[in-house]
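> Attaching a single structure in structure tokens format; questions to follow.
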Amino acid sequence: PLRLNIVSIVTDDQASWSVGAYGSLDARTPVLDRLARDGMLFRNAFVTNSICTPSRASILTGKYSHKNGVPAFNRFDGSQWTVAKALQAAGYHTGMIGKWHLGYDFAFHPMNFGFDEFRGYVGGNVDYHTHVAGYGSKELDWSKDKTIRNEPGYTTDLLAGYATEFIERNRAKPFYL
């Protein structure tokens, strides 16, 4: 069977109309526009919650936020079946790069929810230069897989580099990023 590679880009606080592919005349987004043109463009979709954490949980589980254990800022329900677990079981190599924000405790780590690799931060935000959490513990929140460690670089640049490297390294087999 044909198994396509899947790259899902989730952004916070971005309306669909702020991207050229969806009709924006104000914002110039040529790379996103090319991705939409060469991939898929969804014109009839919505988030189940206007808050970051429950909407992320809904994307991963396909369930409304009141059904996946994250109705507001609660922790992600560890018993949930995720798209990453399903694709991993189907032979896909899975990676999560960026902001997780589905629980700080190790039990809620992305690699416990079907991701083979993780690069980024588990909290809601980090300083883009120091990678220190902007609230809560205000400690370093920067990981490679399950190891917390800092590295020099601007967050956006690092995450884009990880994503590019993941795609290049896994292009010969089915992957979900």
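Ligands are numbered from 1 in the order shown, chains are lettered A, B, ... in the order of the structure tokens, and residues start at 1 in each chain.
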What parts of region 32-100 of chain A does DSSP call strand (DSSP E or B)? I'd like the answer as a list in words.

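Listing strand (DSSP E or B) positions across region 32-100 of chain A yields His93, Thr94, Gly95, Met96, Ile97, Gly98 and Lys99 of chain A.
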
> Could the residues in this selection be written to a file with C-alpha atoms, as an mmCIF file, in the first residue's frame?


data_model
loop_
_atom_site.group_PDB
_atom_site.id
_atom_site.type_symbol
_atom_site.label_atom_id
_atom_site.label_comp_id
_atom_site.auth_asym_id
_atom_site.auth_seq_id
_atom_site.Cartn_x
_atom_site.Cartn_y
_atom_site.Cartn_z
ATOM 1 C CA HIS A 93 8.929 6.851 11.888
ATOM 2 C CA THR A 94 7.462 9.648 14.022
ATOM 3 C CA GLY A 95 8.938 12.926 15.190
ATOM 4 C CA MET A 96 7.698 15.900 17.184
ATOM 5 C CA ILE A 97 9.627 19.143 16.814
ATOM 6 C CA GLY A 98 8.710 22.349 18.597
ATOM 7 C CA LYS A 99 6.309 23.218 21.380
#

> Need to verify the contact set: Ala45 (chain A), 12 Å, only C-alpha atoms, exclusion of same-chain residues closer than 3 positions in sequence. Can you return it as a ChimeraX atom specification?

/A:15-16,41-42,48,59

> Between A:Asn150, A:Ser50, A:Asn68, A:Asn44, which residue has the minimum interatomic distance to Asp12 (chain A), considering only C-alpha atoms?

A:Ser50

> Using only C-alpha atoms, can you tell me which of A:Ile148, A:Cys52, A:Ala160, A:Ala21 comes closest to Asp38 (chain A)?

A:Ala21

> Mind checking which residues fall within 8 Å of Phe113 (chain A), counting only C-alpha atoms, ignoring those fewer than 6 positions away in the same chain, and posting them as a PyMOL selection string?

chain A and resi 78+81-82+84-85

> Put those residues in a file: N, CA, C and O atoms, as a PDB file, in the first residue's frame.


ATOM      1  N   GLY A  78      -2.976  10.163  29.663  1.00  0.00           N
ATOM      2  CA  GLY A  78      -1.999   9.219  29.149  1.00  0.00           C
ATOM      3  C   GLY A  78      -2.579   7.992  28.474  1.00  0.00           C
ATOM      4  O   GLY A  78      -1.871   7.270  27.766  1.00  0.00           O
ATOM      5  N   TRP A  81      -5.227   7.322  22.697  1.00  0.00           N
ATOM      6  CA  TRP A  81      -4.627   6.819  21.470  1.00  0.00           C
ATOM      7  C   TRP A  81      -4.383   8.030  20.587  1.00  0.00           C
ATOM      8  O   TRP A  81      -5.292   8.825  20.371  1.00  0.00           O
ATOM      9  N   THR A  82      -3.186   8.222  20.101  1.00  0.00           N
ATOM     10  CA  THR A  82      -2.864   9.397  19.292  1.00  0.00           C
ATOM     11  C   THR A  82      -2.575   8.984  17.850  1.00  0.00           C
ATOM     12  O   THR A  82      -2.277   7.821  17.560  1.00  0.00           O
ATOM     13  N   ALA A  84       0.025   9.730  16.344  1.00  0.00           N
ATOM     14  CA  ALA A  84       1.427   9.295  16.330  1.00  0.00           C
ATOM     15  C   ALA A  84       1.538   7.816  16.703  1.00  0.00           C
ATOM     16  O   ALA A  84       2.300   7.069  16.076  1.00  0.00           O
ATOM     17  N   LYS A  85       0.784   7.374  17.715  1.00  0.00           N
ATOM     18  CA  LYS A  85       0.802   5.956  18.088  1.00  0.00           C
ATOM     19  C   LYS A  85       0.281   5.093  16.946  1.00  0.00           C
ATOM     20  O   LYS A  85       0.830   4.024  16.655  1.00  0.00           O
TER      21      LYS A  85
END

> Nearest to Trp142 (chain A): which of A:Asp105, A:Asp116, A:Asp127, A:Glu168 is it, counting only C-alpha atoms?

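Among A:Asp105, A:Asp116, A:Asp127, A:Glu168, it is A:Asp127 that comes nearest to Trp142 (chain A).
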
> Find the residues around Pro30 (chain A) up to 8 Å (only C-alpha atoms counted), leave out those fewer than 3 positions away in its own chain, and share them as a CSV table (one decimal) with N, CA, C and O atoms, in the first residue's frame.


chain,number,residue,atom,x,y,z
A,20,GLY,N,-1.1,33.5,2.8
A,20,GLY,CA,-1.4,33.8,1.4
A,20,GLY,C,-2.2,32.7,0.8
A,20,GLY,O,-3.2,32.9,0.0
A,33,ASP,N,2.8,29.0,1.3
A,33,ASP,CA,1.9,29.0,0.1
A,33,ASP,C,2.4,27.8,-0.8
A,33,ASP,O,1.5,27.1,-1.4
A,34,ARG,N,3.7,27.6,-1.0
A,34,ARG,CA,4.2,26.5,-1.8
A,34,ARG,C,3.9,25.2,-1.2
A,34,ARG,O,3.5,24.3,-1.9

> If you count only C-alpha atoms, which residues fall within 10 Å of Phe106 (chain A), apart from same-chain ones fewer than 6 positions away, as an NGL selection string?

:A and (112 or 122 or 146)

> For each of A:Gly69, A:Gly103, A:Gly23, A:Gly120, take the minimum atom-to-atom distance to Leu158 (chain A), counting only C-alpha atoms, then give the residue where this is smallest.

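Smallest separation from Leu158 (chain A) among the options: A:Gly120.
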
> Compare A:Trp100, A:Leu25, A:Asn5, A:Arg169 by their minimum atom-to-atom distance to Leu87 (chain A), counting only C-alpha atoms, and give me the closest one.

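Result for the nearest residue to Leu87 (chain A): A:Asn5.
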
> Between CA of Phe175 (chain A) and CA of Ala89 (chain A), what is the spacing in Å?

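Those two atoms sit 11.7 Å apart.
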
> Between A:His129, A:Arg119, A:Pro174, A:Ser143, single out the one closest to Thr155 (chain A), counting only C-alpha atoms.

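Closest to Thr155 (chain A), using only C-alpha atoms: A:His129.
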
> Excluding Val126 (chain A) and residues on its chain fewer than 4 positions from it, collect all residues at most 9 Å away from it, counting only C-alpha atoms, and give them as a PDB file with C-alpha atoms, in the first residue's frame.


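Output contents, as saved in out_12.pdb:
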ATOM      1  CA  TYR A 121      10.342  22.314  24.636  1.00  0.00           C
ATOM      2  CA  THR A 130      18.164  31.059  26.322  1.00  0.00           C
ATOM      3  CA  HIS A 131      15.467  28.337  26.062  1.00  0.00           C
ATOM      4  CA  VAL A 132      14.441  29.011  29.654  1.00  0.00           C
ATOM      5  CA  ALA A 133      10.731  28.625  30.434  1.00  0.00           C
ATOM      6  CA  GLY A 134       8.892  31.936  30.423  1.00  0.00           C
ATOM      7  CA  TYR A 135       6.687  30.980  33.360  1.00  0.00           C
ATOM      8  CA  LYS A 138      11.668  29.356  34.837  1.00  0.00           C
ATOM      9  CA  LEU A 140      15.840  25.341  31.073  1.00  0.00           C
ATOM     10  CA  ASP A 141      13.179  23.736  28.880  1.00  0.00           C
ATOM     11  CA  TRP A 142      15.016  22.400  25.853  1.00  0.00           C
ATOM     12  CA  THR A 155      14.519  28.778  18.690  1.00  0.00           C
TER      13      THR A 155
END

> Which value, in Å to one decimal, gives the distance between CA of Arg3 (chain A) and CA of Ala172 (chain A)?

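Between CA of Arg3 (chain A) and CA of Ala172 (chain A) the gap works out to 11.2 Å.
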